[in-house]
Amino acid sequence: MSHGVLATGASVAGKPGVGSDEAAAVRAYASVGLYALLLASAYYLSARLGLAFRFANSQVSIIWPSNAVMLSALLLAPPRRWWLVMVACGLAHVAAMAGAIPPWRIAWQLCANAAFVLTTAFALRWFSVVPMHLESRRQVFVFTVVAFASPVVFSLTTPSFIRSLLGVEPSYSPGVNYLRTTLSNATGMLLVVPVVVLSARRWPTRLMEMSRRRIAEAALMTLSLLAVGLVVFTTGPEIARYPSLLLWIIPPLLWAAVRFGPVGTSTSLLVVAVLSVWGTARQLGPFVLRADDDQVLSLQLFWIVLSQPAMLLAAVIREREQTEQAFNDQRNQLAHVTRVATVGEMSGALAHELRQPLMSILANAQAAQHLLAREPGNVASLNEMLQDIVQQDRQAALVISRVRSFQRGGESPFEMLAMESVVRDALALARSAMVISGVDVQLHAPAGLPRVRGDPVQLLQVMVNLIVNSCEAMDARTGVDRRLNLRLSSNGTGHLHVSVSDSGAGLPASGEDRVFQPFFTTKSKGLGLGLAVCRSIATAHRGRLWGENNPEGGATFHLLLPTDPGHAEHTTVRRDS
Amino acid sequence: MKRLCRAYDLDVATFASAQQLFESLDGDGRQPDCLVLDIHMPGVGGIETRTQLLQRGLNIPSIMITGRDDEETRERALATGAFAYLCKPIDADTLLDAIADATGTF
């Protein structure tokens with residue numbers, strides 16, 4: 001996808017089974033031809049637009065977008081196709097300029113433009129701004145510098161500058177001419193290239209992925225931008241008496257930068273640029289000044305000042321989102337690894353759990369064999385034994401499927417769930433560990449508890465960890481009643497409270513919170529990550545997990561989870577713009 | 001298990017917990033010839049049951065069974081004077097042989 005239509009053409013040629021090789025080649029050529037035609041049309045239209053925005057009495061435009069179109073095409077195409085871009089744009093340039101300016105001037109422009117755009121494309125590739133995403137501060141910065149630096153050099157080669165230097169075109173001084181050409185090319189690149197390149201690379205796939213809510217938000221953002229833009233730029237020139245009105249354009253732009261990334265931001269900036277040029281051309285809005293030249297300079301500076309902070313903000317936000325995403329992925333992976341480790345630690349207990357039904361199945365089968373040998377007519381007893389075998393087999397299968405779903409990797413979507421059923425699942429998983437430790441369990445769960453929003457597997461992991469830890473803490477003590485109390489309650493402040501209380505060895509005296517530190521462990525086996533991961537799971541659910549020693553001995557762990565769905569928004573939702 | 005023993009014409013009673021066993025022993029006073037005790041039970045386990053019976057002066061031949069075989073459990077079980085220590089899943093012949101040896105029948 002990164003190389004746009006040209007790459008698609010190449011992949012069509014390489015795709016097997018689309019008919020004969022000849023037909024595939026024809027289709028590849030057709031798609032390349034279509035691409036060249038589209039590019040030439042885009043270049044032609046942008047050049048005509050540039051001509052329409054020329055300064056009075058001058059050959060220089062306010063904004064020269066066709067160089068930006070050519071540069072975008074070069075950035076999207078692989079270098080082996082650059083010749084095609086150059087030819088298509090060259091022909092379109094001749095077509096657009098024929099009649100407007102003399103042929104020698106067209107030829108001069110062709111050479112100067114080609115040198116300029118090719119150099120810029122090489123520079124951007126050299127500084128690895130290709131493929132362009134503008135999702136990092138570095139890329140935005142480098143792109144801005146190149147977008148200014150290359151017109152600074154290139155403007156020395158244009159016919160208007162050299163001829164005004166030679167005094168052949170005396171309408172402007174060489175200095176003014178140079179400044180105009182530089183700024184019109186720089187603004188063209190800054191405003192047009194990001195929109196074209198990012199849209200070509202991202203929109204087709206991203207649009208499909210956008211949720212209805214995001215589309216509604218994008219529409220609202222666009223509407224507010226258009227509304228503010230129309231008010232500020234297209235109501236009479238007296239609006240210039242209220243300079244603060246110009247600042248109204250900032251909130252919709254920040255909205256775009258924060259929520260819609262570089263694509264949304266660059267598109268919004270282009271919309272602002274188009275609206276301001278359109279208004280100013282009709283002598284409306286705050287940029288209407290006595291001299292046309294001053295209007296133009298003021299407009300260009302406005303765009304430049306507006307676009308860089310907005311694009312940088314979008315990049316910073318995107319960098320942050322990517323960091324958060326990476327952090328969440330790592331947390332989920334770590335949670336999975338520790339779940340697998342927990343199952344490993346519980347393997348003895350799980351084997352015990354499986355031996356129970358196996359034992360029963362074997363005993364029933366052997367009793368049945370014996371019965372068949374002695375009194376084969378006793379169908380009722382045989383049937384009873386077979387039923388018992390079936391039931392025990394199902395029991396064993398249930399144990400295995402419970403463990404399998406507990407060990408499942410990846411991230412399950414947040415859902416509304418009843419914590420009581422999570423606790424009961426955890427007790428079922430840890431049943432053998434409790435039986436082996438001879439633990440007496442009591443669960444207090446009043447009816448009508450609010451539901452919480454969360455990842456069922458990760459919350460199950462927290463509960464299994466707390467229960468198994470408690471059992472092990474009680475294993476360490478002899479001569480006391482081994483009691484495990486699980487209590488669920490709702491404290492009426494929008495939280496569900498789960499407490500796991502044991503009569504075990506208690507938490508280390510050196511600090512109750514140390515057990516939550518990674519790699520802290522009091523067990524001979526175990527990574528020491530269990531509770532650290534449990535706490536990060538609680539935090540990701542906007543909840544809390546802590547432990548304390550009981551006055552009468554043993555320890556109690558508390559898990560607090562928000563019940564208000566609005567407060568438990570999934571932290572790992574990917575933005576889809 | 002109960003069904004298996006019955007199939008071999010043994011008179012069997014089963015108890016879900018040590019408490020139920022004690023109540024039965026205190027009740028009709030019938031003393032079994034042999035006990036099959038699961039070491040890992042919710043609440044009072046097999047080893048503790050035997051210890052408590054011994055404290056009451058009841059030395060009934062006992063076969064300990066477990067689903068979790070480790071050296072320490074085995075030693076603790078045999079230290080109480082258990083007649084046999086078997087690991088689940090237990091083959092019918094093994095169990096019946098142990099019962100026969102313990103009761104001195106067959």
# chains A, B, ... in the order shown; residues from 1 in each chain; ligands from 1
call {"tool": "residues_around", "arguments": {"residues": "Thr120 in chain A", "least_positions_apart": "5", "cutoff": "8 Å", "atoms": "only C-alpha atoms", "output": "list in words"}}
result
Leu71, Val146, Ala147 and Ser150 of chain A
call {"tool": "interface_residues", "arguments": {"of": "chain A", "to": "chain B", "cutoff": "7 Å", "atoms": "only C-alpha atoms", "output": "PyMOL selection string"}}
result
chain A and resi 348+352+355-356+358-360+363-364+366-367+370-371+435-436+438-440
call {"tool": "residues_around", "arguments": {"residues": "Ala476 in chain A", "least_positions_apart": "4", "cutoff": "10 Å", "atoms": "only C-alpha atoms", "output": "list in words"}}
result
Ser437, Cys471, Glu472, Gly504 and Ala505 of chain A
call {"tool": "residues_around", "arguments": {"residues": "Ile63 in chain A", "least_positions_apart": "2", "cutoff": "6 Å", "atoms": "only C-alpha atoms", "output": "number ranges by chain"}}
result
A: 61, 184, 188
call {"tool": "atom_distance", "arguments": {"atom1": "CA of Ala509 in chain A", "atom2": "CA of Ser536 in chain A"}}
result
23.2 Å
call {"tool": "select_by_dssp", "arguments": {"residues": "chain B", "states": "alpha helix (DSSP H)", "output": "PyMOL selection string"}}
result
chain B and resi 2-7+18-27+46-55+71-79+92-103
call {"tool": "atom_distance", "arguments": {"atom1": "CA of Val462 in chain A", "atom2": "CA of Ala396 in chain A"}}
result
24.0 Å
call {"tool": "residues_around", "arguments": {"residues": "Gln19 in chain B", "least_positions_apart": "2", "cutoff": "12 Å", "atoms": "only C-alpha atoms", "output": "MDAnalysis selection string"}}
result
chainID B and resid 15:17 21:26 41:46 48:49 52:53
